[in-house]
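A.B. asks: Next up, input_3.tsv (TSV, C-alpha atoms and all ligand atoms).
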```tsv
chain	number	residue	atom	x	y	z
A	15	MET	CA	83.42	13.36	-36.52
A	16	ASN	CA	86.92	12.96	-35.06
A	17	SER	CA	86.71	9.97	-32.78
A	18	PRO	CA	88.99	8.40	-31.77
A	19	PRO	CA	91.15	11.51	-32.22
A	20	ASP	CA	94.37	10.27	-30.73
A	21	LEU	CA	95.88	7.71	-33.11
A	22	ASP	CA	99.39	8.06	-34.46
A	23	MET	CA	98.72	7.07	-38.08
A	24	ARG	CA	102.40	6.52	-38.86
A	25	ALA	CA	102.48	4.01	-36.00
A	26	VAL	CA	99.32	2.35	-37.37
A	27	ARG	CA	100.87	1.97	-40.82
A	28	ARG	CA	104.19	0.71	-39.41
A	29	ALA	CA	102.46	-1.84	-37.19
A	30	PHE	CA	100.43	-3.28	-40.08
A	31	ASP	CA	103.46	-3.30	-42.37
A	32	ASP	CA	105.41	-5.24	-39.72
A	33	ALA	CA	102.53	-7.67	-39.22
A	34	ALA	CA	101.87	-8.49	-42.88
A	35	ALA	CA	103.79	-11.79	-42.70
A	36	THR	CA	102.12	-12.99	-39.47
A	37	TYR	CA	98.61	-11.57	-39.93
A	38	ASP	CA	96.90	-14.67	-41.33
A	39	LEU	CA	98.26	-16.88	-38.54
A	40	HIS	CA	96.65	-14.72	-35.86
A	41	ALA	CA	93.52	-13.45	-37.62
A	42	ALA	CA	90.92	-16.09	-36.73
A	43	LEU	CA	88.61	-13.47	-35.19
A	44	GLN	CA	89.05	-11.17	-38.18
A	45	ARG	CA	88.07	-13.99	-40.57
A	46	GLU	CA	85.01	-14.83	-38.44
A	47	VAL	CA	83.90	-11.19	-38.47
A	48	ALA	CA	84.48	-10.94	-42.23
A	49	ASP	CA	82.38	-14.08	-42.84
A	50	ARG	CA	79.55	-12.68	-40.72
A	51	LEU	CA	79.79	-9.35	-42.52
A	52	LEU	CA	79.81	-10.81	-46.03
A	53	ALA	CA	76.87	-13.11	-45.21
A	54	ARG	CA	74.81	-9.91	-45.12
A	55	LEU	CA	75.24	-9.67	-48.89
A	56	ASP	CA	72.92	-12.72	-49.18
A	57	TYR	CA	70.06	-10.35	-48.40
A	58	THR	CA	70.86	-7.81	-51.08
A	59	THR	CA	70.43	-7.93	-54.84
A	60	VAL	CA	73.56	-5.94	-55.66
A	61	LYS	CA	75.32	-6.97	-58.86
A	62	PRO	CA	78.54	-4.99	-58.63
A	63	SER	CA	80.90	-4.35	-61.53
A	64	LEU	CA	83.45	-2.56	-59.35
A	65	ILE	CA	84.02	-3.36	-55.67
A	66	LEU	CA	86.35	-1.62	-53.23
A	67	ASP	CA	87.79	-3.67	-50.37
A	68	LEU	CA	88.71	-0.83	-48.04
A	69	GLY	CA	91.49	-1.83	-45.61
A	70	ALA	CA	91.94	-5.03	-47.57
A	71	GLY	CA	94.81	-6.33	-45.43
A	72	THR	CA	96.03	-9.68	-46.76
A	73	GLY	CA	92.92	-9.97	-48.93
A	74	TYR	CA	90.61	-12.33	-47.04
A	75	CYS	CA	87.43	-10.37	-47.94
A	76	THR	CA	88.70	-9.89	-51.49
A	77	ARG	CA	88.96	-13.65	-51.99
A	78	GLN	CA	85.39	-14.19	-50.72
A	79	LEU	CA	84.12	-11.36	-52.91
A	80	GLU	CA	85.87	-12.80	-55.97
A	81	GLN	CA	84.00	-16.06	-55.44
A	82	ARG	CA	80.71	-14.31	-54.87
A	83	TYR	CA	81.03	-11.89	-57.81
A	84	PRO	CA	83.41	-13.56	-60.32
A	85	ARG	CA	82.82	-10.94	-63.03
A	86	ALA	CA	83.49	-7.93	-60.82
A	87	HIS	CA	86.68	-5.88	-60.74
A	88	LEU	CA	88.11	-5.42	-57.26
A	89	VAL	CA	90.13	-2.53	-55.89
A	90	LEU	CA	92.13	-3.43	-52.79
A	91	ALA	CA	92.98	-0.30	-50.81
A	92	ASP	CA	95.18	-0.27	-47.75
A	93	LEU	CA	97.39	2.12	-45.82
A	94	ALA	CA	100.15	-0.48	-45.41
A	95	PRO	CA	102.09	-1.43	-48.58
A	96	ALA	CA	103.28	-4.72	-47.05
A	97	MET	CA	99.67	-5.79	-46.51
A	98	LEU	CA	98.93	-5.18	-50.17
A	99	SER	CA	102.03	-7.18	-51.17
A	100	ALA	CA	100.78	-10.06	-49.02
A	101	ALA	CA	97.35	-9.82	-50.67
A	102	ARG	CA	98.97	-9.87	-54.10
A	103	GLY	CA	100.30	-13.35	-53.33
A	104	SER	CA	96.79	-14.83	-53.51
A	105	ALA	CA	95.84	-13.22	-56.84
A	106	ARG	CA	95.26	-15.24	-60.00
A	107	ARG	CA	98.35	-15.04	-62.19
A	108	PHE	CA	96.47	-14.35	-65.39
A	109	PHE	CA	93.32	-12.35	-66.06
A	110	SER	CA	93.29	-10.97	-62.54
A	111	ARG	CA	90.57	-8.40	-62.03
A	112	ARG	CA	92.33	-6.91	-59.03
A	113	HIS	CA	93.74	-3.39	-58.70
A	114	TYR	CA	95.91	-2.35	-55.74
A	115	VAL	CA	95.87	1.10	-54.20
A	116	CYS	CA	98.04	2.17	-51.28
A	117	ALA	CA	95.99	4.94	-49.71
A	118	ASP	CA	94.52	6.28	-46.51
A	119	ALA	CA	90.79	5.66	-46.24
A	120	ARG	CA	90.38	9.40	-45.65
A	121	ALA	CA	91.64	10.25	-49.15
A	122	LEU	CA	90.72	7.55	-51.64
A	123	PRO	CA	92.13	8.24	-55.11
A	124	LEU	CA	89.13	6.84	-56.98
A	125	ALA	CA	86.84	8.61	-59.43
A	126	PRO	CA	83.53	10.01	-58.20
A	127	ALA	CA	80.51	7.74	-58.70
A	128	SER	CA	82.66	4.84	-59.93
A	129	VAL	CA	82.17	2.07	-57.35
A	130	ASP	CA	79.08	-0.15	-56.87
A	131	LEU	CA	79.98	-1.73	-53.54
A	132	ILE	CA	82.43	-0.84	-50.76
A	133	VAL	CA	83.25	-3.55	-48.23
A	134	SER	CA	85.40	-2.71	-45.24
A	135	SER	CA	86.01	-5.23	-42.49
A	136	LEU	CA	87.66	-4.23	-39.22
A	137	THR	CA	89.42	-1.19	-40.62
A	138	LEU	CA	87.30	1.81	-39.63
A	139	GLN	CA	88.38	1.50	-35.98
A	140	TRP	CA	91.81	2.58	-37.20
A	141	CYS	CA	90.52	5.64	-38.99
A	142	GLU	CA	91.13	8.96	-37.38
A	143	ASP	CA	88.25	10.88	-38.91
A	144	LEU	CA	85.26	8.72	-39.72
A	145	GLY	CA	83.36	11.68	-41.18
A	146	ALA	CA	86.08	12.17	-43.81
A	147	VAL	CA	86.13	8.45	-44.59
A	148	PHE	CA	82.35	8.25	-45.09
A	149	ALA	CA	82.31	11.46	-47.14
A	150	GLY	CA	84.95	9.90	-49.41
A	151	CYS	CA	82.93	6.68	-49.68
A	152	ALA	CA	79.79	8.65	-50.58
A	153	ARG	CA	81.79	10.50	-53.25
A	154	ILE	CA	83.13	7.40	-55.01
A	155	LEU	CA	79.99	5.26	-54.76
A	156	LYS	CA	77.60	5.27	-57.67
A	157	PRO	CA	74.11	6.56	-56.83
A	158	GLY	CA	72.37	3.78	-54.91
A	159	GLY	CA	75.71	2.01	-54.23
A	160	LEU	CA	76.19	0.05	-51.02
A	161	LEU	CA	78.67	0.55	-48.18
A	162	LEU	CA	79.01	-2.53	-45.94
A	163	PHE	CA	81.41	-2.52	-43.01
A	164	SER	CA	82.36	-3.97	-39.68
A	165	THR	CA	84.22	-2.16	-36.94
A	166	LEU	CA	84.81	-2.36	-33.19
A	167	GLY	CA	82.90	-0.64	-30.39
A	168	PRO	CA	84.08	0.84	-27.08
A	169	ASP	CA	83.62	-2.38	-25.06
A	170	THR	CA	86.30	-4.08	-27.12
A	171	LEU	CA	89.12	-5.53	-25.00
A	172	HIS	CA	87.59	-4.07	-21.85
A	173	GLU	CA	89.26	-6.83	-19.80
A	174	LEU	CA	92.71	-5.86	-21.13
A	175	ARG	CA	92.02	-2.17	-20.56
A	176	ALA	CA	90.99	-2.86	-16.93
A	177	ALA	CA	94.00	-5.10	-16.33
A	178	TRP	CA	96.43	-2.46	-17.65
A	179	ALA	CA	94.76	0.15	-15.43
A	180	ALA	CA	95.98	-1.87	-12.46
A	181	VAL	CA	99.56	-1.54	-13.76
A	182	ASP	CA	99.85	2.14	-14.72
A	183	ASP	CA	97.92	5.18	-15.98
A	184	ALA	CA	99.13	5.14	-19.61
A	185	PRO	CA	96.61	4.33	-22.36
A	186	HIS	CA	97.30	0.80	-23.60
A	187	VAL	CA	94.17	-0.07	-25.56
A	188	ASN	CA	92.98	2.10	-28.44
A	189	ARG	CA	89.65	3.88	-28.09
A	190	PHE	CA	86.83	2.79	-30.38
A	191	HIS	CA	83.94	4.61	-32.04
A	192	ASP	CA	80.51	4.41	-30.42
A	193	MET	CA	78.02	2.69	-32.72
A	194	HIS	CA	75.51	5.54	-32.55
A	195	LEU	CA	78.11	8.10	-33.57
A	196	VAL	CA	79.05	5.90	-36.51
A	197	GLY	CA	75.40	5.91	-37.63
A	198	ASP	CA	75.24	9.70	-37.23
A	199	ALA	CA	78.42	10.12	-39.29
A	200	LEU	CA	76.89	8.01	-42.08
A	201	ILE	CA	73.79	10.18	-42.27
A	202	HIS	CA	75.85	13.33	-42.10
A	203	SER	CA	77.85	12.13	-45.11
A	204	GLY	CA	74.69	11.75	-47.18
A	205	PHE	CA	74.11	7.99	-46.79
A	206	SER	CA	70.55	6.79	-46.55
A	207	SER	CA	68.86	4.02	-44.56
A	208	PRO	CA	71.85	3.17	-42.36
A	209	VAL	CA	71.48	-0.07	-40.41
A	210	MET	CA	73.78	-0.75	-37.45
A	211	GLU	CA	73.98	-3.94	-35.39
A	212	ARG	CA	76.33	-5.09	-32.66
A	213	GLU	CA	77.31	-8.37	-31.10
A	214	ASP	CA	79.94	-9.34	-28.57
A	215	LEU	CA	82.38	-12.01	-29.73
A	216	THR	CA	84.65	-13.53	-27.11
A	217	VAL	CA	88.01	-15.14	-27.80
A	218	THR	CA	89.48	-17.21	-24.95
A	219	TYR	CA	93.12	-17.73	-24.02
A	220	ALA	CA	95.07	-19.89	-21.60
A	221	ASP	CA	97.05	-16.83	-20.54
A	222	VAL	CA	97.37	-13.13	-21.26
A	223	LEU	CA	100.51	-13.65	-23.35
A	224	GLY	CA	98.41	-15.56	-25.89
A	225	LEU	CA	96.20	-12.50	-26.31
A	226	MET	CA	99.21	-10.18	-26.56
A	227	ARG	CA	100.77	-12.46	-29.21
A	228	ASP	CA	97.58	-12.36	-31.31
A	229	LEU	CA	97.33	-8.57	-31.07
A	230	LYS	CA	100.97	-8.16	-32.08
A	231	GLY	CA	100.61	-10.79	-34.82
A	232	ILE	CA	97.79	-8.91	-36.56
A	233	GLY	CA	99.45	-5.51	-36.09
A	234	ALA	CA	96.92	-4.27	-33.53
A	235	HIS	CA	99.48	-2.35	-31.55
A	236	ASN	CA	98.62	0.39	-29.19
A	237	ALA	CA	98.85	3.39	-31.54
A	238	HIS	CA	97.63	5.93	-29.02
A	239	GLN	CA	99.64	9.13	-29.32
A	240	GLN	CA	100.13	9.23	-25.56
A	241	ARG	CA	101.19	5.59	-25.39
A	242	ALA	CA	104.27	4.67	-23.37
A	243	ARG	CA	107.17	4.24	-25.83
A	244	ALA	CA	109.39	2.10	-23.60
A	245	LEU	CA	109.32	-1.69	-23.66
A	246	TYR	CA	107.62	-3.38	-20.76
A	247	GLY	CA	109.63	-5.25	-18.20
A	248	ARG	CA	108.89	-8.63	-16.69
A	249	ARG	CA	107.51	-6.99	-13.53
A	250	GLN	CA	104.88	-4.99	-15.42
A	251	LEU	CA	103.82	-7.97	-17.48
A	252	THR	CA	103.50	-10.09	-14.34
A	253	ARG	CA	101.29	-7.42	-12.78
A	254	LEU	CA	99.21	-7.29	-15.96
A	255	ALA	CA	98.80	-11.07	-15.96
A	256	ASP	CA	97.81	-11.04	-12.27
A	257	ALA	CA	95.24	-8.28	-12.84
A	258	TYR	CA	93.73	-10.13	-15.82
A	259	GLU	CA	93.21	-13.25	-13.67
A	260	ARG	CA	90.02	-11.86	-12.14
A	261	PHE	CA	88.30	-12.37	-15.50
A	262	ARG	CA	89.18	-16.08	-15.70
A	263	ARG	CA	86.10	-18.29	-16.25
A	264	ASP	CA	86.06	-22.05	-16.70
A	265	GLY	CA	89.84	-22.05	-16.70
A	266	LEU	CA	90.21	-19.54	-19.57
A	267	LEU	CA	90.77	-15.81	-19.98
A	268	PRO	CA	88.19	-14.05	-22.17
A	269	ALA	CA	88.89	-11.16	-24.56
A	270	THR	CA	85.70	-9.40	-25.65
A	271	TYR	CA	85.29	-7.82	-29.08
A	272	GLU	CA	82.27	-5.53	-29.39
A	273	THR	CA	81.71	-6.09	-33.07
A	274	VAL	CA	79.66	-3.54	-34.99
A	275	TYR	CA	78.21	-4.24	-38.44
A	276	GLY	CA	76.79	-1.49	-40.57
A	277	HIS	CA	75.49	-0.83	-44.02
A	278	ALA	CA	74.07	2.19	-45.80
A	279	TRP	CA	73.22	3.30	-49.33
A	280	ALA	CA	74.57	6.18	-51.33
A	281	PRO	CA	71.67	8.37	-52.37
A	282	GLN	CA	70.24	7.96	-55.90
A	283	ARG	CA	71.23	11.54	-56.50
A	284	ASP	CA	73.21	13.99	-54.38
A	285	THR	CA	70.79	14.75	-51.58
A	286	ARG	CA	73.40	15.74	-49.04
A	287	PRO	CA	72.00	18.67	-47.10
A	288	GLN	CA	73.82	21.90	-47.81
A	289	ASP	CA	72.66	23.52	-44.57
A	290	GLY	CA	74.20	21.04	-42.10
A	291	SER	CA	70.85	19.32	-41.35
A	292	THR	CA	70.54	15.54	-41.60
A	293	VAL	CA	67.56	15.26	-43.95
A	294	ALA	CA	68.11	13.11	-47.04
A	295	THR	CA	65.51	12.15	-49.65
A	296	TYR	CA	65.53	9.28	-52.12
A	297	PRO	CA	63.00	7.75	-54.47
A	298	LEU	CA	60.65	4.96	-53.40
A	299	SER	CA	62.03	2.69	-56.13
A	300	GLN	CA	65.28	2.59	-54.23
A	301	LEU	CA	63.55	1.13	-51.20
A	302	LYS	CA	62.06	-1.69	-53.27
A	303	ARG	CA	65.44	-2.81	-54.49
A	304	ARG	CA	66.69	-3.80	-51.03
B	401	LIG	C1	92.54	-5.60	-38.89
B	401	LIG	S1	93.10	-5.40	-40.54
B	401	LIG	C2	91.71	-5.99	-41.48
B	401	LIG	C3	92.12	-6.51	-42.82
B	401	LIG	C4	91.04	-7.19	-43.63
B	401	LIG	N1	89.94	-6.28	-43.93
B	401	LIG	C5	90.54	-8.41	-42.91
B	401	LIG	O1	89.35	-8.46	-42.57
B	401	LIG	O2	91.33	-9.34	-42.69
B	401	LIG	C6	92.98	-3.64	-40.77
B	401	LIG	C7	93.60	-3.18	-42.08
B	401	LIG	O3	93.25	-1.82	-42.28
B	401	LIG	C8	94.37	-1.11	-42.76
B	401	LIG	N2	94.20	0.29	-42.34
B	401	LIG	C9	94.26	0.83	-41.12
B	401	LIG	N3	94.01	2.14	-41.15
B	401	LIG	C10	93.76	2.45	-42.44
B	401	LIG	C11	93.46	3.66	-43.11
B	401	LIG	N4	93.33	4.82	-42.46
B	401	LIG	N5	93.29	3.62	-44.46
B	401	LIG	C12	93.42	2.45	-45.14
B	401	LIG	N6	93.71	1.27	-44.55
B	401	LIG	C13	93.88	1.27	-43.21
B	401	LIG	C14	95.56	-1.79	-42.09
B	401	LIG	O4	96.78	-1.54	-42.78
B	401	LIG	C15	95.11	-3.25	-42.13
B	401	LIG	O5	95.56	-3.90	-43.28
```
Could I get this file's structure written as C-alpha cells?

C.D. replies:
Amino acid sequence: MNSPPDLDMRAVRRAFDDAAATYDLHAALQREVADRLLARLDYTTVKPSLILDLGAGTGYCTRQLEQRYPRAHLVLADLAPAMLSAARGSARRFFSRRHYVCADARALPLAPASVDLIVSSLTLQWCEDLGAVFAGCARILKPGGLLLFSTLGPDTLHELRAAWAAVDDAPHVNRFHDMHLVGDALIHSGFSSPVMEREDLTVTYADVLGLMRDLKGIGAHNAHQQRARALYGRRQLTRLADAYERFRRDGLLPATYETVYGHAWAPQRDTRPQDGSTVATYPLSQLKRR
C-alpha cells in the first residue's frame, strides 16, 4: 500500500527537526489524541516487557507508558534526531529503561519477535508506505503482541484545503490514508482482529494565522513533493484568510481532524498467507486473552 505516495521524506524529517523545540507548546491536539489512544490499553491485559513508541516525538506517549508499565523497557524510535534529543530531556537520570533509535518506521532496526507492544500516535500519516511499516511491525512483534496506533483520515483539515483551493492550484495540505485501506494493510501484513475507529476532533481558532502557527510549531509542514517552494506573500495569505471565513461559526474558525484509532494483534505464529490472500488463522486461546 503506497498511500499517500507523494511525501518528500527529507522535508518531513527537516520539518520535525526544526520543530523539536516548539512542538510541546503547540501539541495540545496531539496530547489529547495520545490520551484517548492510550486509554484503550485499559481494556487489554497486556503486560509488556519491551514497548516501542514509534514516532515518539518529544516523548509524550513514552512518559504515559512509563507510568502505566514501570517495569517495561521502552524503545523510542523517530525519524528526526532533534525530536529524540528533546525526548531525552524528560528521561530519568539514573536507571532509565529507555533506548533511543533514529530510524524510519519503514525499516526498524529491531530484532524479530522482540517487542510486546507497539504504540504509535499520529505518526503513520507521515509514512510513505504503510504496508512496509506494518510488515516491519509484524516482524518485530512477539507472537500475540499488540500494535496500537492513531493516525489521521482524509477529512483532516478539509477547511484549510478548501480555503487554499480558492487561492491557487498547488497542494497545500498533505493527503491522508483512508481508514479502510489502513485496515486492509494491517490484514495484508499478517495482523489479526484489526479494530478501526474514527472520530472528528475540532480545534477552534480566532484566525487562520493561529492554525498556521500551530501547524508550523509541531512541524506539520506541507511535505507534498509538488508543493510550492516559494514563500507566500501577504496577498495570498489575505486571500486564504478571506476564503477560510466561510467556515466561521460562533465567532471562531474550526479546524477538523479526522482521527483514526486502530489496534491489531500479531499472530501467535506466522500465519501470513504466502499466496497473497488475506486469510489468517490463530488459536482460540488468543481470543480469550483480549
Ligand atoms: C505529530 S508527531 C507525534 C509525536 C508523538 N507520537 C506525539 O504523540 O506527540 C509525529 C512524529 O513522527 C515522526 N515521524 C514522521 N515520519 C516518520 C517515519 N517515517 N518514521 C519514524 N518517525 C516518523 C516525526 O519526526 C514526529 O516526531

A.B. asks: Can I get the residues close to ligand LIG 401 (chain B) as number ranges by chain, where close means within 7 Å and we count all atoms listed in the file?

C.D. replies: A: 26-27, 30-31, 41, 44-45, 48, 68-75, 91-94, 97, 117-120, 134-138, 140-142, 232

A.B. asks: So which residues touch segment 54-62 of chain A within 8 Å, counting only C-alpha atoms, skipping near sequence neighbours fewer than 2 positions away, as a list of chain:residue names?

C.D. replies: A:Arg50, A:Leu51, A:Leu52, A:Leu64, A:Ile65, A:Tyr83, A:Ala86, A:Asp130, A:Leu131, A:Arg303, A:Arg304

A.B. asks: What separation in Å, quoted to one decimal, exists between atom CA of Pro208 of chain A and atom CA of Leu162 of chain A?

C.D. replies: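 Going from atom CA of Pro208 of chain A over to atom CA of Leu162 of chain A, I get 9.8 Å.
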
A.B. asks: Check the smallest atom-to-atom distance from each of A:Asp183, A:Ala34, A:Leu251, A:Leu174 to Gly103 of chain A using only C-alpha atoms, then report the winner.

C.D. replies: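 Distance minimum relative to Gly103 of chain A lands on A:Ala34.
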
A.B. asks: Tell me, in Å to one decimal, how far atom CA of Ile132 of chain A is from atom CA of Ala199 of chain A.

C.D. replies: 16.4 Å

A.B. asks: Take atom CA of Leu155 of chain A and atom CA of His191 of chain A and report the distance between them in Å, one decimal.

C.D. replies: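 Taking atom CA of Leu155 of chain A as the start and atom CA of His191 of chain A as the end point, the length is 23.1 Å.
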
A.B. asks: Which one is closest to Gly150 of chain A: A:Leu171, A:Ala100, A:Arg263, A:Ala280? Count all atoms listed in the file.

C.D. replies: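 The shortest atom-to-atom distance to Gly150 of chain A comes from A:Ala280.
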
A.B. asks: Looking at all atoms listed in the file, which of A:Gly247, A:Gly276, A:Pro126, A:Gly158 is the one that sits closest to Glu213 of chain A?

C.D. replies: A:Gly276

A.B. asks: List as a PyMOL selection string the protein and nucleic acid residues near Phe205 of chain A, meaning an atom at most 7 Å away when only C-alpha atoms are counted, but skip any in the same chain fewer than 5 places from it.

C.D. replies: chain A and resi 152+200+278-281

A.B. asks: Could you list, as a ChimeraX atom specification, every residue within 12 Å of Ala105 of chain A, counting only C-alpha atoms and ignoring same-chain residues fewer than 3 positions away?

C.D. replies: /A:72-74,76-77,80,88,90,98-102,108-114

A.B. asks: Calculated over only C-alpha atoms, which of the candidates A:Val196, A:Ala96, A:Val89, A:Leu267 has the smallest distance to Ala177 of chain A?

C.D. replies: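 The answer is A:Leu267, which sits nearest to Ala177 of chain A.
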
A.B. asks: With 3 Å on each side, where is the centre of the axis-aligned box around all listed atoms of segment 36-54 of chain A, and how long are its edges in Å to one decimal, as JSON?

C.D. replies:
```
{"center_x": 88.5, "center_y": -13.1, "center_z": -40.6, "size_x": 33.3, "size_y": 13.5, "size_z": 16.8}
```
